[in-house]
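**Q** Structure provided below as structure tokens; questions to follow.
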Amino acid sequence: LMGIITVPAEYAQEVCNRMVACGIQAIWNFAPVHLQVPSHILVQNENLATSLTELRMHLKTSLNG
């Protein structure tokens with residue numbers, strides 16, 4: 001089972017804890033916070049600010065190339 005967290009940082013750990021309690025085994029985390037999870041839980045953190053910057057740089061390079 002996988003869950004996705006897309007809440008503000010201040011609520012992310014609580015949501016994470018509830019997911020783990022419900023049996024979620026993997027979490028895709030879009031909240032800008034490091035989650036504390038048991039060692040058997042997989043967390044994939046996404047940083048939207050970094051991704052947006054990468055996209056903008058790619059477009060800038062493509063348009064000027």
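Going through the structure tokens in order, the chains are called A, B, and so on, while each chain numbers its residues from 1 and the ligands are numbered from 1 in the order shown.
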Tell me, as number ranges by chain, which residues lie within 7 Å of stretch 10-24 of chain A, counting only C-alpha atoms; anything in the same chain fewer than 4 positions away does not count.
**A** A: 1-3, 5, 31, 35
**Q** Taking the backbone alone, and naming residues the way the document does, which bits of chain A are alpha helix (DSSP H) by DSSP, as a PDB file with N, CA and C atoms, in the first residue's frame?
**A**
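Contents of the output file result_15.pdb:
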ATOM      1  N   ALA A   9       3.605  21.557   5.753  1.00  0.00           N
ATOM      2  CA  ALA A   9       4.637  20.920   6.572  1.00  0.00           C
ATOM      3  C   ALA A   9       4.186  20.640   7.996  1.00  0.00           C
ATOM      4  N   GLU A  10       3.447  21.550   8.587  1.00  0.00           N
ATOM      5  CA  GLU A  10       3.065  21.389   9.996  1.00  0.00           C
ATOM      6  C   GLU A  10       2.104  20.224  10.241  1.00  0.00           C
ATOM      7  N   TYR A  11       1.482  19.700   9.190  1.00  0.00           N
ATOM      8  CA  TYR A  11       0.550  18.578   9.336  1.00  0.00           C
ATOM      9  C   TYR A  11       1.109  17.258   8.798  1.00  0.00           C
ATOM     10  N   ALA A  12       2.240  17.322   8.125  1.00  0.00           N
ATOM     11  CA  ALA A  12       2.749  16.155   7.420  1.00  0.00           C
ATOM     12  C   ALA A  12       3.094  14.985   8.340  1.00  0.00           C
ATOM     13  N   GLN A  13       3.735  15.239   9.464  1.00  0.00           N
ATOM     14  CA  GLN A  13       4.116  14.138  10.343  1.00  0.00           C
ATOM     15  C   GLN A  13       2.890  13.444  10.918  1.00  0.00           C
ATOM     16  N   GLU A  14       1.870  14.222  11.276  1.00  0.00           N
ATOM     17  CA  GLU A  14       0.631  13.618  11.793  1.00  0.00           C
ATOM     18  C   GLU A  14      -0.026  12.739  10.736  1.00  0.00           C
ATOM     19  N   VAL A  15      -0.091  13.236   9.501  1.00  0.00           N
ATOM     20  CA  VAL A  15      -0.659  12.442   8.406  1.00  0.00           C
ATOM     21  C   VAL A  15       0.177  11.186   8.184  1.00  0.00           C
ATOM     22  N   CYS A  16       1.478  11.336   8.208  1.00  0.00           N
ATOM     23  CA  CYS A  16       2.384  10.198   8.058  1.00  0.00           C
ATOM     24  C   CYS A  16       2.120   9.152   9.138  1.00  0.00           C
ATOM     25  N   ASN A  17       2.029   9.597  10.381  1.00  0.00           N
ATOM     26  CA  ASN A  17       1.792   8.666  11.492  1.00  0.00           C
ATOM     27  C   ASN A  17       0.488   7.899  11.298  1.00  0.00           C
ATOM     28  N   ARG A  18      -0.543   8.581  10.826  1.00  0.00           N
ATOM     29  CA  ARG A  18      -1.829   7.919  10.593  1.00  0.00           C
ATOM     30  C   ARG A  18      -1.727   6.903   9.464  1.00  0.00           C
ATOM     31  N   MET A  19      -0.989   7.263   8.426  1.00  0.00           N
ATOM     32  CA  MET A  19      -0.792   6.336   7.313  1.00  0.00           C
ATOM     33  C   MET A  19      -0.089   5.063   7.780  1.00  0.00           C
ATOM     34  N   VAL A  20       0.987   5.239   8.537  1.00  0.00           N
ATOM     35  CA  VAL A  20       1.740   4.089   9.041  1.00  0.00           C
ATOM     36  C   VAL A  20       0.846   3.220   9.922  1.00  0.00           C
ATOM     37  N   ALA A  21       0.044   3.857  10.775  1.00  0.00           N
ATOM     38  CA  ALA A  21      -0.860   3.113  11.657  1.00  0.00           C
ATOM     39  C   ALA A  21      -1.905   2.328  10.863  1.00  0.00           C
ATOM     40  N   LEU A  48       9.293  20.277  -4.822  1.00  0.00           N
ATOM     41  CA  LEU A  48       8.683  20.953  -5.963  1.00  0.00           C
ATOM     42  C   LEU A  48       9.440  22.206  -6.362  1.00  0.00           C
ATOM     43  N   ALA A  49      10.037  22.900  -5.398  1.00  0.00           N
ATOM     44  CA  ALA A  49      10.803  24.104  -5.721  1.00  0.00           C
ATOM     45  C   ALA A  49      12.007  23.738  -6.589  1.00  0.00           C
ATOM     46  N   THR A  50      12.693  22.676  -6.244  1.00  0.00           N
ATOM     47  CA  THR A  50      13.842  22.232  -7.033  1.00  0.00           C
ATOM     48  C   THR A  50      13.405  21.778  -8.419  1.00  0.00           C
ATOM     49  N   SER A  51      12.326  21.037  -8.483  1.00  0.00           N
ATOM     50  CA  SER A  51      11.819  20.566  -9.773  1.00  0.00           C
ATOM     51  C   SER A  51      11.418  21.730 -10.667  1.00  0.00           C
ATOM     52  N   LEU A  52      10.767  22.722 -10.093  1.00  0.00           N
ATOM     53  CA  LEU A  52      10.366  23.895 -10.868  1.00  0.00           C
ATOM     54  C   LEU A  52      11.593  24.630 -11.399  1.00  0.00           C
ATOM     55  N   THR A  53      12.605  24.778 -10.577  1.00  0.00           N
ATOM     56  CA  THR A  53      13.835  25.441 -11.008  1.00  0.00           C
ATOM     57  C   THR A  53      14.485  24.683 -12.149  1.00  0.00           C
ATOM     58  N   GLU A  54      14.531  23.354 -12.055  1.00  0.00           N
ATOM     59  CA  GLU A  54      15.107  22.540 -13.122  1.00  0.00           C
ATOM     60  C   GLU A  54      14.334  22.704 -14.426  1.00  0.00           C
ATOM     61  N   LEU A  55      13.011  22.719 -14.335  1.00  0.00           N
ATOM     62  CA  LEU A  55      12.189  22.912 -15.535  1.00  0.00           C
ATOM     63  C   LEU A  55      12.433  24.282 -16.160  1.00  0.00           C
ATOM     64  N   ARG A  56      12.496  25.313 -15.327  1.00  0.00           N
ATOM     65  CA  ARG A  56      12.726  26.668 -15.837  1.00  0.00           C
ATOM     66  C   ARG A  56      14.085  26.773 -16.522  1.00  0.00           C
ATOM     67  N   MET A  57      15.114  26.160 -15.925  1.00  0.00           N
ATOM     68  CA  MET A  57      16.443  26.200 -16.522  1.00  0.00           C
ATOM     69  C   MET A  57      16.456  25.444 -17.853  1.00  0.00           C
ATOM     70  N   HIS A  58      15.768  24.329 -17.910  1.00  0.00           N
ATOM     71  CA  HIS A  58      15.690  23.557 -19.150  1.00  0.00           C
ATOM     72  C   HIS A  58      15.009  24.373 -20.252  1.00  0.00           C
ATOM     73  N   LEU A  59      13.894  25.019 -19.899  1.00  0.00           N
ATOM     74  CA  LEU A  59      13.188  25.836 -20.887  1.00  0.00           C
ATOM     75  C   LEU A  59      14.047  27.002 -21.354  1.00  0.00           C
ATOM     76  N   LYS A  60      14.715  27.639 -20.417  1.00  0.00           N
ATOM     77  CA  LYS A  60      15.571  28.783 -20.758  1.00  0.00           C
ATOM     78  C   LYS A  60      16.677  28.348 -21.718  1.00  0.00           C
ATOM     79  N   THR A  61      17.292  27.194 -21.427  1.00  0.00           N
ATOM     80  CA  THR A  61      18.358  26.678 -22.283  1.00  0.00           C
ATOM     81  C   THR A  61      17.802  26.288 -23.643  1.00  0.00           C
ATOM     82  N   SER A  62      16.646  25.638 -23.667  1.00  0.00           N
ATOM     83  CA  SER A  62      16.036  25.207 -24.923  1.00  0.00           C
ATOM     84  C   SER A  62      15.655  26.378 -25.807  1.00  0.00           C
ATOM     85  N   LEU A  63      15.105  27.405 -25.210  1.00  0.00           N
ATOM     86  CA  LEU A  63      14.648  28.568 -25.984  1.00  0.00           C
ATOM     87  C   LEU A  63      15.810  29.421 -26.479  1.00  0.00           C
ATOM     88  N   ASN A  64      16.927  29.397 -25.762  1.00  0.00           N
ATOM     89  CA  ASN A  64      18.084  30.204 -26.157  1.00  0.00           C
ATOM     90  C   ASN A  64      19.084  29.405 -26.990  1.00  0.00           C
TER      91      ASN A  64
END
**Q** As a PyMOL selection string, which residues of chain A does DSSP assign to strand (DSSP E or B)?
**A** chain A and resi 2-5+26-29+42-45
**Q** Please list as a list in words every residue within 6 Å of stretch 37-46 of chain A, counting only C-alpha atoms and excluding residues in the same chain fewer than 6 positions away.
**A**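 Near neighbours after the sequence-gap exclusion: Gln25, Ala26, Ile27, Trp28, Asn29 and Phe30 of chain A.
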**Q** How would the residues just picked look written out with all heavy atoms as an mmCIF file, in the first residue's frame?
**A**
data_model
loop_
_atom_site.group_PDB
_atom_site.id
_atom_site.type_symbol
_atom_site.label_atom_id
_atom_site.label_comp_id
_atom_site.auth_asym_id
_atom_site.auth_seq_id
_atom_site.Cartn_x
_atom_site.Cartn_y
_atom_site.Cartn_z
ATOM 1 N N GLN A 25 2.835 1.228 3.491
ATOM 2 C CA GLN A 25 4.221 0.753 3.485
ATOM 3 C C GLN A 25 5.179 1.669 2.735
ATOM 4 O O GLN A 25 6.393 1.577 2.902
ATOM 5 C CB GLN A 25 4.268 -0.642 2.862
ATOM 6 C CG GLN A 25 3.435 -1.641 3.621
ATOM 7 C CD GLN A 25 3.243 -2.929 2.848
ATOM 8 O OE1 GLN A 25 3.616 -3.055 1.686
ATOM 9 N NE2 GLN A 25 2.636 -3.899 3.499
ATOM 10 N N ALA A 26 4.632 2.548 1.898
ATOM 11 C CA ALA A 26 5.454 3.488 1.135
ATOM 12 C C ALA A 26 4.728 4.824 1.080
ATOM 13 O O ALA A 26 3.499 4.875 0.949
ATOM 14 C CB ALA A 26 5.701 2.972 -0.269
ATOM 15 N N ILE A 27 5.494 5.901 1.190
ATOM 16 C CA ILE A 27 4.916 7.244 1.205
ATOM 17 C C ILE A 27 5.642 8.108 0.179
ATOM 18 O O ILE A 27 6.866 8.183 0.166
ATOM 19 C CB ILE A 27 5.032 7.878 2.608
ATOM 20 C CG1 ILE A 27 4.219 7.053 3.610
ATOM 21 C CG2 ILE A 27 4.568 9.334 2.585
ATOM 22 C CD1 ILE A 27 4.409 7.470 5.060
ATOM 23 N N TRP A 28 4.851 8.753 -0.659
ATOM 24 C CA TRP A 28 5.370 9.732 -1.603
ATOM 25 C C TRP A 28 5.100 11.081 -0.957
ATOM 26 O O TRP A 28 3.946 11.506 -0.832
ATOM 27 C CB TRP A 28 4.629 9.587 -2.919
ATOM 28 C CG TRP A 28 5.280 10.216 -4.107
ATOM 29 C CD1 TRP A 28 6.503 10.809 -4.177
ATOM 30 C CD2 TRP A 28 4.718 10.309 -5.404
ATOM 31 N NE1 TRP A 28 6.739 11.251 -5.441
ATOM 32 C CE2 TRP A 28 5.653 10.959 -6.220
ATOM 33 C CE3 TRP A 28 3.508 9.906 -5.951
ATOM 34 C CZ2 TRP A 28 5.419 11.226 -7.564
ATOM 35 C CZ3 TRP A 28 3.274 10.161 -7.290
ATOM 36 C CH2 TRP A 28 4.223 10.811 -8.085
ATOM 37 N N ASN A 29 6.142 11.761 -0.519
ATOM 38 C CA ASN A 29 6.011 12.958 0.294
ATOM 39 C C ASN A 29 6.310 14.226 -0.500
ATOM 40 O O ASN A 29 7.437 14.465 -0.918
ATOM 41 C CB ASN A 29 6.966 12.872 1.493
ATOM 42 C CG ASN A 29 6.900 14.088 2.359
ATOM 43 O OD1 ASN A 29 5.857 14.711 2.495
ATOM 44 N ND2 ASN A 29 8.025 14.444 2.958
ATOM 45 N N PHE A 30 5.276 15.054 -0.679
ATOM 46 C CA PHE A 30 5.433 16.349 -1.330
ATOM 47 C C PHE A 30 5.506 17.487 -0.313
ATOM 48 O O PHE A 30 5.702 18.631 -0.692
ATOM 49 C CB PHE A 30 4.264 16.604 -2.295
ATOM 50 C CG PHE A 30 4.358 15.771 -3.542
ATOM 51 C CD1 PHE A 30 3.821 14.502 -3.579
ATOM 52 C CD2 PHE A 30 4.987 16.252 -4.682
ATOM 53 C CE1 PHE A 30 3.899 13.714 -4.730
ATOM 54 C CE2 PHE A 30 5.081 15.478 -5.830
ATOM 55 C CZ PHE A 30 4.525 14.210 -5.855
#
